[in-house]
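What follows is work28.tsv (TSV, C-alpha atoms).
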chain	number	residue	atom	x	y	z
A	1	MET	CA	-12.83	13.13	-16.07
A	2	ASN	CA	-16.18	13.48	-14.31
A	3	ALA	CA	-16.41	9.67	-14.32
A	4	THR	CA	-18.21	7.15	-12.14
A	5	LEU	CA	-15.96	4.64	-10.36
A	6	VAL	CA	-16.82	0.95	-10.35
A	7	LEU	CA	-15.56	-0.86	-7.23
A	8	PRO	CA	-11.90	-1.79	-7.81
A	9	GLU	CA	-10.85	-5.37	-8.45
A	10	LEU	CA	-7.93	-6.84	-6.52
A	11	ASP	CA	-5.12	-8.86	-8.07
A	12	THR	CA	-6.00	-12.52	-7.55
A	13	ASN	CA	-3.03	-14.05	-9.33
A	14	SER	CA	-1.45	-17.37	-8.47
A	15	PHE	CA	0.79	-15.79	-5.82
A	16	TRP	CA	-2.15	-14.82	-3.61
A	17	ARG	CA	-4.34	-17.83	-4.41
A	18	ASP	CA	-7.29	-15.82	-3.09
A	19	GLU	CA	-10.36	-14.66	-5.00
A	20	SER	CA	-12.24	-12.99	-2.14
A	21	GLY	CA	-11.64	-9.66	-3.90
A	22	PHE	CA	-12.30	-6.10	-2.77
A	23	PRO	CA	-15.64	-6.84	-1.01
A	24	GLY	CA	-14.01	-9.79	0.76
A	25	ILE	CA	-11.64	-7.69	2.86
A	26	TYR	CA	-12.83	-4.05	2.63
A	27	ASP	CA	-15.94	-2.42	4.08
A	28	VAL	CA	-17.63	-1.47	0.81
A	29	GLU	CA	-20.41	0.68	2.28
A	30	HIS	CA	-17.89	2.69	4.29
A	31	PHE	CA	-15.74	3.16	1.17
A	32	ILE	CA	-18.65	4.53	-0.86
A	33	LYS	CA	-19.97	6.72	1.96
A	34	THR	CA	-16.57	8.23	2.83
A	35	LEU	CA	-15.91	9.31	-0.76
A	36	ARG	CA	-19.46	10.46	-1.55
A	37	TYR	CA	-18.37	14.11	-1.65
A	38	ASP	CA	-15.55	13.32	-4.08
A	39	ILE	CA	-16.82	10.77	-6.58
A	40	HIS	CA	-19.85	8.69	-7.49
A	41	ILE	CA	-19.16	4.96	-6.91
A	42	VAL	CA	-21.17	1.94	-8.06
A	43	LYS	CA	-20.69	-1.70	-7.14
A	44	SER	CA	-20.81	-3.01	-10.70
A	45	ILE	CA	-20.99	-1.81	-14.29
A	46	PRO	CA	-24.62	-0.87	-15.02
A	47	GLU	CA	-26.76	-2.43	-17.71
A	48	VAL	CA	-27.70	-0.47	-20.83
A	49	SER	CA	-30.72	-0.72	-23.10
A	50	SER	CA	-30.30	-0.85	-26.85
A	51	LYS	CA	-32.89	-1.78	-29.48
A	52	GLY	CA	-35.25	-3.10	-26.84
A	53	LYS	CA	-32.59	-5.34	-25.29
A	54	THR	CA	-30.83	-4.89	-21.94
A	55	LYS	CA	-27.22	-5.95	-21.57
A	56	LYS	CA	-24.25	-5.22	-19.34
A	57	LEU	CA	-21.96	-2.48	-20.57
A	58	LYS	CA	-18.60	-3.94	-21.62
A	59	ALA	CA	-15.58	-1.96	-20.47
A	60	HIS	CA	-12.73	-1.31	-22.88
A	61	GLN	CA	-9.44	-2.49	-21.33
A	62	ILE	CA	-6.49	-0.07	-21.25
A	63	ARG	CA	-3.00	-0.48	-19.79
A	64	PRO	CA	-2.06	2.93	-18.33
A	65	PRO	CA	1.59	3.98	-18.66
A	66	ARG	CA	3.62	3.89	-15.45
A	67	ASP	CA	3.50	7.20	-13.53
A	68	ALA	CA	1.15	8.71	-16.12
A	69	PRO	CA	0.48	12.46	-15.80
A	70	LEU	CA	-3.02	13.77	-15.16
A	71	SER	CA	-3.16	14.92	-18.79
A	72	TRP	CA	-3.07	11.28	-19.97
A	73	TYR	CA	-6.31	10.60	-18.08
A	74	THR	CA	-8.05	13.81	-19.15
A	75	THR	CA	-7.20	13.26	-22.83
A	76	PHE	CA	-6.50	9.69	-23.97
A	77	ALA	CA	-8.38	7.81	-21.23
A	78	LEU	CA	-11.32	10.22	-21.31
A	79	GLU	CA	-11.59	9.93	-25.08
A	80	LYS	CA	-11.69	6.12	-24.84
A	81	MET	CA	-14.31	6.29	-22.09
A	82	LYS	CA	-16.54	8.52	-24.24
A	83	GLN	CA	-16.01	6.18	-27.18
A	84	HIS	CA	-16.78	2.91	-25.35
A	85	GLY	CA	-18.92	4.06	-22.44
A	86	ALA	CA	-16.66	2.43	-19.86
A	87	ILE	CA	-12.94	1.69	-19.51
A	88	TYR	CA	-11.11	-0.91	-17.42
A	89	LEU	CA	-7.67	0.30	-16.27
A	90	THR	CA	-5.28	-2.56	-15.50
A	91	PRO	CA	-2.75	-2.87	-13.97
A	92	PHE	CA	-3.13	0.23	-11.83
A	93	SER	CA	-0.30	0.13	-9.28
A	94	HIS	CA	1.91	3.23	-9.76
A	95	ARG	CA	-0.07	4.35	-12.82
A	96	LEU	CA	-0.58	7.95	-11.73
A	97	ALA	CA	2.37	10.31	-11.27
A	98	GLU	CA	3.14	10.83	-7.58
A	99	GLU	CA	4.11	14.47	-7.83
A	100	ILE	CA	1.14	16.34	-9.26
A	101	ASP	CA	0.57	20.06	-8.92
A	102	GLU	CA	-2.93	19.64	-7.52
A	103	PRO	CA	-2.85	19.68	-3.67
A	104	GLU	CA	-6.51	18.69	-3.40
A	105	LEU	CA	-5.94	15.58	-5.50
A	106	GLN	CA	-3.00	14.66	-3.27
A	107	ARG	CA	-5.34	15.04	-0.30
A	108	LEU	CA	-7.83	12.79	-2.07
A	109	ARG	CA	-5.14	10.10	-2.08
A	110	CYS	CA	-4.98	10.40	1.71
A	111	ARG	CA	-8.77	10.31	2.07
A	112	VAL	CA	-8.81	7.09	0.06
A	113	ASN	CA	-5.80	5.39	1.69
A	114	TYR	CA	-6.31	6.42	5.31
A	115	HIS	CA	-10.06	6.98	5.64
A	116	ALA	CA	-12.11	5.29	2.90
A	117	LEU	CA	-10.18	2.01	2.72
A	118	ARG	CA	-11.24	0.30	5.93
A	119	PHE	CA	-11.04	-3.45	6.43
A	120	LYS	CA	-14.16	-5.46	7.18
A	121	PRO	CA	-15.19	-5.61	10.87
A	122	TYR	CA	-14.02	-9.21	11.36
A	123	ILE	CA	-10.49	-8.32	10.18
A	124	ILE	CA	-10.34	-5.33	12.53
A	125	GLU	CA	-11.63	-7.50	15.38
A	126	ILE	CA	-8.97	-10.18	14.79
A	127	SER	CA	-6.24	-7.54	14.52
A	128	ARG	CA	-7.25	-5.89	17.79
A	129	GLU	CA	-7.34	-9.26	19.49
A	130	ILE	CA	-3.77	-9.96	18.38
A	131	VAL	CA	-2.55	-6.49	19.40
A	132	ASN	CA	-4.20	-6.83	22.83
A	133	ARG	CA	-2.50	-10.20	23.37
A	134	LEU	CA	0.87	-8.76	22.39
A	135	ARG	CA	0.39	-5.58	24.46
A	136	SER	CA	-0.58	-7.60	27.52
A	137	GLN	CA	3.13	-8.44	27.81
A	138	GLY	CA	4.45	-4.94	27.06
A	139	HIS	CA	5.69	-3.06	24.00
A	140	PHE	CA	6.33	-4.85	20.71
A	141	MET	CA	7.76	-4.06	17.29
A	142	SER	CA	6.56	-5.32	13.92
A	143	ILE	CA	8.80	-6.25	11.01
A	144	HIS	CA	7.74	-6.69	7.40
A	145	LEU	CA	10.09	-9.40	6.14
A	146	ARG	CA	9.93	-9.10	2.36
A	147	PHE	CA	11.83	-12.30	1.67
A	148	GLU	CA	9.30	-14.14	-0.47
A	149	MET	CA	9.87	-15.75	-3.85
A	150	ASP	CA	8.18	-13.05	-5.95
A	151	MET	CA	10.20	-10.17	-4.49
A	152	LEU	CA	13.53	-12.00	-4.63
A	153	ALA	CA	12.90	-12.95	-8.26
A	154	PHE	CA	11.85	-9.38	-9.10
A	155	ALA	CA	14.94	-7.91	-7.42
A	156	GLY	CA	17.26	-10.44	-9.09
A	157	CYS	CA	18.95	-11.26	-5.79
A	158	ILE	CA	19.52	-14.99	-6.15
A	159	ASP	CA	23.23	-15.71	-5.54
A	160	ILE	CA	22.78	-16.54	-1.83
A	161	PHE	CA	20.53	-19.50	-2.69
A	162	THR	CA	21.29	-23.09	-3.67
A	163	PRO	CA	21.47	-23.97	-7.40
A	164	ALA	CA	18.05	-25.64	-7.20
A	165	GLU	CA	16.52	-22.58	-5.54
A	166	GLN	CA	18.14	-20.29	-8.09
A	167	LYS	CA	16.48	-22.26	-10.89
A	168	ILE	CA	13.09	-21.71	-9.25
A	169	LEU	CA	13.68	-17.97	-8.92
A	170	ILE	CA	14.96	-17.62	-12.51
A	171	LYS	CA	11.94	-19.52	-13.83
A	172	TYR	CA	9.55	-17.35	-11.82
A	173	ARG	CA	11.25	-14.18	-13.06
A	174	LYS	CA	11.06	-15.25	-16.72
A	175	GLU	CA	7.36	-16.03	-16.36
A	176	ASN	CA	6.36	-12.87	-14.51
A	177	PHE	CA	8.80	-10.02	-15.20
A	178	ALA	CA	10.52	-8.30	-18.11
A	179	ASP	CA	13.71	-9.89	-19.37
A	180	LYS	CA	16.66	-7.98	-17.93
A	181	LYS	CA	20.22	-8.92	-17.01
A	182	LEU	CA	20.72	-8.42	-13.28
A	183	VAL	CA	24.07	-8.80	-11.49
A	184	TYR	CA	23.64	-9.68	-7.81
A	185	ARG	CA	26.62	-7.71	-6.47
A	186	GLU	CA	25.63	-4.59	-8.43
A	187	ARG	CA	22.01	-4.88	-7.30
A	188	ARG	CA	23.04	-5.25	-3.70
A	189	LEU	CA	25.43	-2.29	-3.75
A	190	ILE	CA	22.69	0.05	-4.96
A	191	GLY	CA	20.28	-1.19	-2.28
A	192	LYS	CA	17.97	-3.18	-4.54
A	193	CYS	CA	18.14	-6.47	-2.60
A	194	PRO	CA	15.75	-7.15	0.31
A	195	LEU	CA	17.49	-7.53	3.67
A	196	THR	CA	17.86	-11.12	4.85
A	197	PRO	CA	16.37	-12.06	8.25
A	198	GLU	CA	19.89	-12.31	9.69
A	199	GLU	CA	20.78	-8.81	8.43
A	200	VAL	CA	17.64	-7.42	10.08
A	201	GLY	CA	18.64	-9.09	13.35
A	202	LEU	CA	22.17	-7.69	13.18
A	203	ILE	CA	20.82	-4.17	12.54
A	204	LEU	CA	18.53	-4.37	15.58
A	205	ARG	CA	21.30	-5.76	17.79
A	206	SER	CA	23.65	-2.98	16.66
A	207	MET	CA	20.98	-0.40	17.55
A	208	GLY	CA	20.78	-1.73	21.08
A	209	PHE	CA	17.77	-4.07	21.03
A	210	ASP	CA	18.43	-7.19	23.13
A	211	ASN	CA	17.02	-10.73	23.04
A	212	SER	CA	14.08	-9.77	25.27
A	213	THR	CA	12.61	-7.67	22.43
A	214	ARG	CA	9.22	-8.94	21.34
A	215	ILE	CA	8.67	-9.00	17.57
A	216	TYR	CA	5.66	-9.57	15.34
A	217	LEU	CA	6.64	-10.82	11.88
A	218	ALA	CA	4.49	-9.85	8.91
A	219	SER	CA	5.45	-11.90	5.89
A	220	GLY	CA	4.34	-14.49	3.42
A	221	GLU	CA	6.14	-17.79	3.01
A	222	LEU	CA	9.86	-17.06	3.35
A	223	PHE	CA	11.87	-18.46	0.45
A	224	GLY	CA	14.74	-20.79	1.27
A	225	GLY	CA	13.24	-22.53	4.27
A	226	GLY	CA	14.05	-22.20	7.95
A	227	ARG	CA	17.81	-21.83	7.48
A	228	PHE	CA	17.45	-18.11	6.84
A	229	MET	CA	15.37	-17.63	9.99
A	230	LYS	CA	17.67	-19.66	12.28
A	231	PRO	CA	20.26	-16.89	12.92
A	232	PHE	CA	17.47	-14.35	13.41
A	233	ARG	CA	15.72	-16.55	15.99
A	234	ALA	CA	19.02	-17.02	17.79
A	235	LEU	CA	19.26	-13.23	18.22
A	236	PHE	CA	15.57	-12.59	18.93
A	237	PRO	CA	13.69	-15.67	20.21
A	238	HIS	CA	10.44	-13.86	21.10
A	239	LEU	CA	8.86	-14.00	17.63
A	240	GLU	CA	5.17	-14.10	16.79
A	241	ASN	CA	3.01	-13.97	13.65
A	242	HIS	CA	-0.71	-14.12	12.96
A	243	SER	CA	-0.62	-17.93	12.97
A	244	THR	CA	1.02	-18.23	16.42
A	245	VAL	CA	-0.87	-15.48	18.24
A	246	GLY	CA	-4.02	-15.09	16.11
A	247	PRO	CA	-7.41	-16.75	16.66
A	248	GLU	CA	-8.32	-20.01	14.94
A	249	LYS	CA	-10.89	-18.32	12.68
A	250	LEU	CA	-8.05	-16.75	10.68
A	251	GLU	CA	-6.45	-20.07	9.78
A	252	GLU	CA	-8.74	-20.64	6.79
A	253	ASN	CA	-7.19	-17.67	4.98
A	254	SER	CA	-3.93	-17.05	6.85
A	255	HIS	CA	-1.85	-16.96	3.65
A	256	GLY	CA	-4.37	-15.01	1.58
A	257	LEU	CA	-5.63	-11.44	1.50
A	258	ALA	CA	-7.24	-11.63	4.96
A	259	GLY	CA	-3.95	-12.74	6.53
A	260	SER	CA	-2.13	-9.83	4.87
A	261	ALA	CA	-4.86	-7.43	6.00
A	262	VAL	CA	-4.43	-8.56	9.60
A	263	ASP	CA	-0.65	-8.17	9.27
A	264	TYR	CA	-1.21	-4.63	8.00
A	265	MET	CA	-3.39	-3.66	10.97
A	266	VAL	CA	-1.02	-5.17	13.55
A	267	CYS	CA	1.94	-3.36	11.96
A	268	LEU	CA	-0.08	-0.12	11.91
A	269	LEU	CA	-0.77	-0.39	15.65
A	270	SER	CA	2.65	-1.65	16.77
A	271	ASP	CA	5.00	0.53	18.82
A	272	ILE	CA	7.74	0.34	16.18
A	273	PHE	CA	7.54	-0.74	12.54
A	274	ILE	CA	10.48	-1.85	10.38
A	275	PRO	CA	10.14	-2.40	6.61
A	276	THR	CA	12.97	-4.49	5.19
A	277	TYR	CA	12.17	-3.60	1.58
A	278	ASP	CA	10.32	-0.41	0.67
A	279	GLY	CA	10.98	-0.43	-3.09
A	280	PRO	CA	7.90	-1.43	-5.08
A	281	SER	CA	6.30	-2.88	-1.94
A	282	ASN	CA	2.85	-1.32	-1.63
A	283	PHE	CA	2.39	-2.97	1.78
A	284	ALA	CA	5.46	-1.32	3.33
A	285	ASN	CA	5.05	2.04	1.57
A	286	ASN	CA	1.41	2.45	2.57
A	287	LEU	CA	2.16	1.43	6.14
A	288	MET	CA	4.95	3.97	6.46
A	289	GLY	CA	2.65	6.69	5.17
A	290	HIS	CA	-0.27	5.51	7.31
A	291	ARG	CA	1.80	5.53	10.50
A	292	LEU	CA	3.14	9.00	9.69
A	293	TYR	CA	-0.37	10.28	8.95
A	294	TYR	CA	-1.78	8.98	12.25
A	295	GLY	CA	0.51	10.61	14.77
A	296	PHE	CA	4.04	10.15	13.38
A	297	ARG	CA	4.43	6.66	14.84
A	298	THR	CA	7.99	5.36	15.09
A	299	THR	CA	9.22	3.70	11.90
A	300	ILE	CA	12.79	2.47	11.43
A	301	THR	CA	13.74	2.41	7.75
A	302	PRO	CA	17.14	0.80	7.06
A	303	ASP	CA	19.20	2.46	4.30
A	304	ARG	CA	20.00	-0.70	2.33
A	305	LYS	CA	22.39	1.09	-0.03
A	306	ALA	CA	24.49	2.50	2.82
A	307	LEU	CA	24.40	-0.79	4.74
A	308	ALA	CA	25.32	-3.05	1.78
A	309	PRO	CA	29.13	-2.49	1.84
A	310	ILE	CA	29.17	-2.99	5.63
A	311	PHE	CA	27.46	-6.38	5.34
A	312	MET	CA	29.63	-7.37	2.38
A	313	ASP	CA	32.80	-6.51	4.35
A	314	ARG	CA	31.54	-8.69	7.22
A	315	GLU	CA	30.92	-11.62	4.85
A	316	GLU	CA	34.47	-11.26	3.54
A	317	GLY	CA	35.95	-11.41	7.05
A	318	LYS	CA	36.40	-7.64	7.45
A	319	GLY	CA	33.98	-7.12	10.33
A	320	ASP	CA	35.97	-4.63	12.39
A	321	ARG	CA	33.77	-1.93	13.93
A	322	PHE	CA	30.75	-3.63	12.32
A	323	GLU	CA	28.18	-2.56	14.93
A	324	GLU	CA	29.63	0.94	15.12
A	325	ARG	CA	29.36	1.36	11.35
A	326	VAL	CA	25.77	0.05	11.32
A	327	ARG	CA	24.78	2.39	14.14
A	328	LYS	CA	26.27	5.35	12.31
A	329	VAL	CA	24.17	4.59	9.21
A	330	MET	CA	20.99	3.93	11.13
A	331	PHE	CA	21.11	6.99	13.38
A	332	SER	CA	22.38	9.42	10.76
A	333	SER	CA	19.99	8.52	7.93
A	334	GLY	CA	16.87	7.53	9.83
A	335	LYS	CA	13.93	9.93	10.24
A	336	PHE	CA	12.06	7.38	12.40
A	337	GLY	CA	8.60	8.42	11.19
A	338	GLY	CA	8.77	12.03	12.32
A	339	PRO	CA	7.43	14.99	10.30
A	340	HIS	CA	9.65	16.01	7.42
A	341	LYS	CA	9.08	17.48	4.00
A	342	ARG	CA	9.04	14.93	1.20
A	343	VAL	CA	12.17	14.97	-0.96
A	344	HIS	CA	12.59	12.96	-4.18
A	345	PRO	CA	12.82	9.97	-4.47
A	346	GLU	CA	10.66	9.65	-1.35
A	347	SER	CA	7.15	8.55	-2.26
A	348	VAL	CA	3.91	10.41	-1.53
A	349	TYR	CA	2.63	7.07	-0.25
A	350	THR	CA	5.32	6.92	2.42
A	351	ASN	CA	5.18	10.61	3.26
A	352	SER	CA	2.18	12.80	2.46
A	353	TRP	CA	3.64	15.80	4.27
A	354	PRO	CA	2.71	18.61	3.77
A	355	GLU	CA	-0.30	18.20	1.43
A	356	CYS	CA	-2.36	15.98	3.75
A	357	PHE	CA	-1.70	17.99	6.91
A	358	CYS	CA	-3.73	21.15	7.46
A	359	GLN	CA	-2.25	24.24	9.08
A	360	VAL	CA	-3.89	26.08	11.99
A	361	ASN	CA	-2.29	29.41	11.03
A	362	ALA	CA	-2.04	28.92	7.29
A	363	LYS	CA	-1.00	31.75	5.00
A	364	ASN	CA	-2.67	30.06	2.05
A	365	LYS	CA	-6.44	29.59	2.35
A	366	LYS	CA	-6.20	26.10	0.81
A	367	ASP	CA	-3.91	24.92	3.64
A	368	LYS	CA	-6.28	25.88	6.45
A	369	CYS	CA	-7.78	23.20	8.67
A	370	PRO	CA	-11.45	22.48	7.90
A	371	ALA	CA	-14.24	23.86	10.03
A	372	ASP	CA	-15.55	21.74	12.91
A	373	ASN	CA	-18.85	21.32	11.05
A	374	ALA	CA	-17.20	20.47	7.69
A	375	VAL	CA	-19.19	17.24	7.26
A	376	GLU	CA	-22.50	19.03	7.84
A	377	LEU	CA	-21.53	21.72	5.30
A	378	LEU	CA	-20.61	19.10	2.70
A	379	GLU	CA	-23.82	17.17	3.37
A	380	SER	CA	-25.86	20.34	2.87
A	381	ARG	CA	-24.03	21.17	-0.37
A	382	LEU	CA	-24.51	17.62	-1.70
A	383	HIS	CA	-28.21	17.74	-0.82
A	384	SER	CA	-28.59	21.06	-2.66
A	385	GLU	CA	-26.88	19.65	-5.74
A	386	GLU	CA	-29.19	16.62	-5.70
A	387	LEU	CA	-32.24	18.91	-5.48
A	388	ASP	CA	-30.98	21.02	-8.40
A	389	GLU	CA	-30.40	17.87	-10.45
A	390	SER	CA	-33.88	16.62	-9.59
A	391	ASP	CA	-35.41	19.95	-10.68
A	392	GLU	CA	-33.50	19.79	-13.98
A	393	ASN	CA	-34.76	16.26	-14.65
A	394	ARG	CA	-38.31	17.29	-13.81
A	395	THR	CA	-38.09	20.26	-16.19
A	396	ALA	CA	-36.72	18.01	-18.92
A	397	ASN	CA	-39.54	15.51	-18.38
A	398	ASP	CA	-42.16	18.28	-18.48
A	399	SER	CA	-40.70	19.53	-21.79
A	400	SER	CA	-40.77	15.99	-23.19
A	401	ALA	CA	-44.40	15.59	-22.13
A	402	GLY	CA	-45.31	18.88	-23.81
A	403	LEU	CA	-43.64	17.81	-27.03
A	404	ALA	CA	-45.47	14.52	-26.92
A	405	GLU	CA	-48.81	16.28	-26.51
A	406	ASP	CA	-48.01	18.64	-29.39
A	407	SER	CA	-47.16	15.69	-31.63
A	408	LEU	CA	-50.42	13.96	-30.70
A	409	ILE	CA	-52.37	17.11	-31.55

Could you express the structure from this file as structure tokens?
Amino acid sequence: MNATLVLPELDTNSFWRDESGFPGIYDVEHFIKTLRYDIHIVKSIPEVSSKGKTKKLKAHQIRPPRDAPLSWYTTFALEKMKQHGAIYLTPFSHRLAEEIDEPELQRLRCRVNYHALRFKPYIIEISREIVNRLRSQGHFMSIHLRFEMDMLAFAGCIDIFTPAEQKILIKYRKENFADKKLVYRERRLIGKCPLTPEEVGLILRSMGFDNSTRIYLASGELFGGGRFMKPFRALFPHLENHSTVGPEKLEENSHGLAGSAVDYMVCLLSDIFIPTYDGPSNFANNLMGHRLYYGFRTTITPDRKALAPIFMDREEGKGDRFEERVRKVMFSSGKFGGPHKRVHPESVYTNSWPECFCQVNAKNKKDKCPADNAVELLESRLHSEELDESDENRTANDSSAGLAEDSLI
């Protein structure tokens, strides 16, 4: 599209209750600098002059189709941008097809997600402080418990709650998601329901983790109160979160974007990471991909679809060989964060292999690892382009001056 990017805006809906935005949690200067060889980025929409008046350019709002192909952006979106001068794409989660036949654009995704997007120094400092405290007592695992109201309402998994709680979830779903009839048992059997805290505990126990295991919980406010955490705590009493082990300076925004950013960093640096729901969860998907990208760090991903009938049998009193069956699923289906080629429906955000991994002895020139002085080469090329552009502008100005003189004569 050859477009300029305005700094993205973050979703500040009622669920987050946080309007700190992109500059509030990300290092903006680092973001712009890291991507300077890929795209021109500005902090806000520029002003334009028309008829002697200066005003801010108004962006035309467009809702991109889900998983839109590149052609949608280079035709429809580009046409609208030329027509209005600027376009505002919202919402933008999952609005570009994951499988695109442009390896360099796939690599750009990795440059953005794993290099350009860096949290502000104070968030990194708090995260390191928490990790150091946890590591001072040995290894620890992190678990992303996706058992909050918004995800449960989205998934349509409400039958395990009280009638009053079900009313809350149904109301939230009607207000925020498309109307669709969802049957709990059917949803659960196809792996669409988030694991409960107790189910996570039973999986870990079946895999051989004992009650001395130290766990960092990354989650928002768990729906349903403490009764869902009670059986989990009974199995694994050594539980921490950013409120129990984090510094006091985080408390002001522990439930907002900063708290989630700290959770992300602690999960990224933990010895083992376990997502309990990796469906439309950007947090879990990006973390899985991030950990794979930075050294294939151990990630345990439960196969909810394969585990569902085992848990349902247990609830119906048919728990024979329960742990054996769970172990069989976990050790036969788990890749544990190691290198493996992405296979549909696996997401490019959870596994960017092979596009984002260079090859030392590549057959294809495009797959070769960059030269040691790649940054210097890019800097030199960018400088040359800027000089050429400056010369062109100077030539254009000289021509304009000549025309002006001719008209005066």

Quick one: residues within 9 Å of segment 331-341 of chain A, only C-alpha atoms counted, chain neighbours fewer than 6 positions away excluded, as number ranges by chain?
A: 207, 288-289, 291-292, 295-303, 351-354

Please report the interatomic distance between atom CA of Phe283 of chain A and atom CA of Leu268 of chain A in Å with one decimal.
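Separation of atom CA of Phe283 of chain A and atom CA of Leu268 of chain A: 10.8 Å.
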
Using all atoms listed in the file, the shortest atom-to-atom distance to Val266 of chain A among A:Cys356, A:Ile190, A:Ile143, A:Val131 belongs to A:Val131

Distance criterion (all atoms listed in the file): nearest to Gly256 of chain A out of A:Arg36, A:Arg342, A:His242, A:Lys181
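When distances to Gly256 of chain A are compared using all atoms listed in the file, the smallest one comes from A:His242.
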
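Closest approach to Thr244 of chain A among A:Thr54, A:Leu217, A:Leu7, A:Ile310: A:Leu217, based on all atoms listed in the file.
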
Between atom CA of Pro197 of chain A and atom CA of Ser219 of chain A, what is the distance, to one decimal in Å?
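Computing it gives 11.2 Å between the two atoms.
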
Can you list every residue of segment 65-162 of chain A that has an atom at most 12 Å from segment 42-53 of chain A, with its nearest atom pair and the distance in Å to one decimal, using all atoms listed in the file, ordered by chain then number, as CSV?
residue,atom,partner,partner_atom,distance
A:Gly85,CA,A:Val48,CA,10.0
A:Ala86,CA,A:Ile45,CA,8.2
A:Ile87,CA,A:Ile45,CA,10.2
A:Tyr88,CA,A:Ile45,CA,10.4

Dump C-alpha atoms for the selected residues as a PDB file, keeping the file's coordinate frame?
ATOM      1  CA  GLY A  85     -18.920   4.060 -22.440  1.00  0.00           C
ATOM      2  CA  ALA A  86     -16.660   2.430 -19.860  1.00  0.00           C
ATOM      3  CA  ILE A  87     -12.940   1.690 -19.510  1.00  0.00           C
ATOM      4  CA  TYR A  88     -11.110  -0.910 -17.420  1.00  0.00           C
TER       5      TYR A  88
END

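If you measure from each of A:Ile130, A:Leu287, A:Ile215, A:Ile123 to Val245 of chain A using only C-alpha atoms, the closest one turns out to be A:Ile130.
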
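Across A:Arg118, A:Thr74, A:Ala308, A:Lys82, the tightest approach to Asp27 of chain A is made by A:Arg118 when counting all atoms listed in the file.
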
Long-range neighbours of Gln83 of chain A as an mmCIF file with C-alpha atoms, in the frame of the given file, 12 Å cut-off, only C-alpha atoms, 6 positions minimum in chain:
data_model
loop_
_atom_site.group_PDB
_atom_site.id
_atom_site.type_symbol
_atom_site.label_atom_id
_atom_site.label_comp_id
_atom_site.auth_asym_id
_atom_site.auth_seq_id
_atom_site.Cartn_x
_atom_site.Cartn_y
_atom_site.Cartn_z
ATOM 1 C CA LYS A 58 -18.600 -3.940 -21.620
ATOM 2 C CA ALA A 59 -15.580 -1.960 -20.470
ATOM 3 C CA HIS A 60 -12.730 -1.310 -22.880
ATOM 4 C CA PHE A 76 -6.500 9.690 -23.970
ATOM 5 C CA ALA A 77 -8.380 7.810 -21.230
#

Within 12 Å of Gly191 of chain A, counting all atoms listed in the file, which residues show up once you throw out same-chain ones fewer than 3 positions away? Write them as a ChimeraX atom specification, please.
/A:155-157,184-188,194-195,276-279,302-309,311

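Atom pair atom CA of Ala261 of chain A / atom CA of Phe22 of chain A: separated by 11.6 Å.
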
Just checking: using all atoms listed in the file, which residue out of A:Phe119, A:Phe209, A:Phe140, A:Phe357 ends up closest to Arg107 of chain A?
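Answer, going by the shortest atom-to-atom distance: A:Phe357.
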
Grab all the atoms of segment 282-298 of chain A that the file lists, wrap them in a box along x, y and z, add 8 Å per side, and give me centre plus edge lengths in Å (one decimal) as JSON.
{"center_x": 3.1, "center_y": 3.8, "center_z": 6.7, "size_x": 25.8, "size_y": 29.6, "size_z": 32.7}

I'd like the neighbourhood of Leu70 of chain A as a PDB file with C-alpha atoms, keeping the file's coordinate frame, where a residue qualifies if any of its atoms comes within 8 Å (using all atoms listed in the file), though same-chain residues fewer than 2 positions away should be ignored.
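Now in selection-v4.pdb:
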ATOM      1  CA  ALA A  68       1.150   8.710 -16.120  1.00  0.00           C
ATOM      2  CA  TRP A  72      -3.070  11.280 -19.970  1.00  0.00           C
ATOM      3  CA  TYR A  73      -6.310  10.600 -18.080  1.00  0.00           C
ATOM      4  CA  THR A  74      -8.050  13.810 -19.150  1.00  0.00           C
ATOM      5  CA  LEU A  96      -0.580   7.950 -11.730  1.00  0.00           C
ATOM      6  CA  ALA A  97       2.370  10.310 -11.270  1.00  0.00           C
ATOM      7  CA  ILE A 100       1.140  16.340  -9.260  1.00  0.00           C
TER       8      ILE A 100
END

What's the 9 Å shell around Asp150 of chain A, counting all atoms listed in the file, without same-chain residues fewer than 5 positions away, as a ChimeraX atom specification?
/A:15,155,169,172-173,176
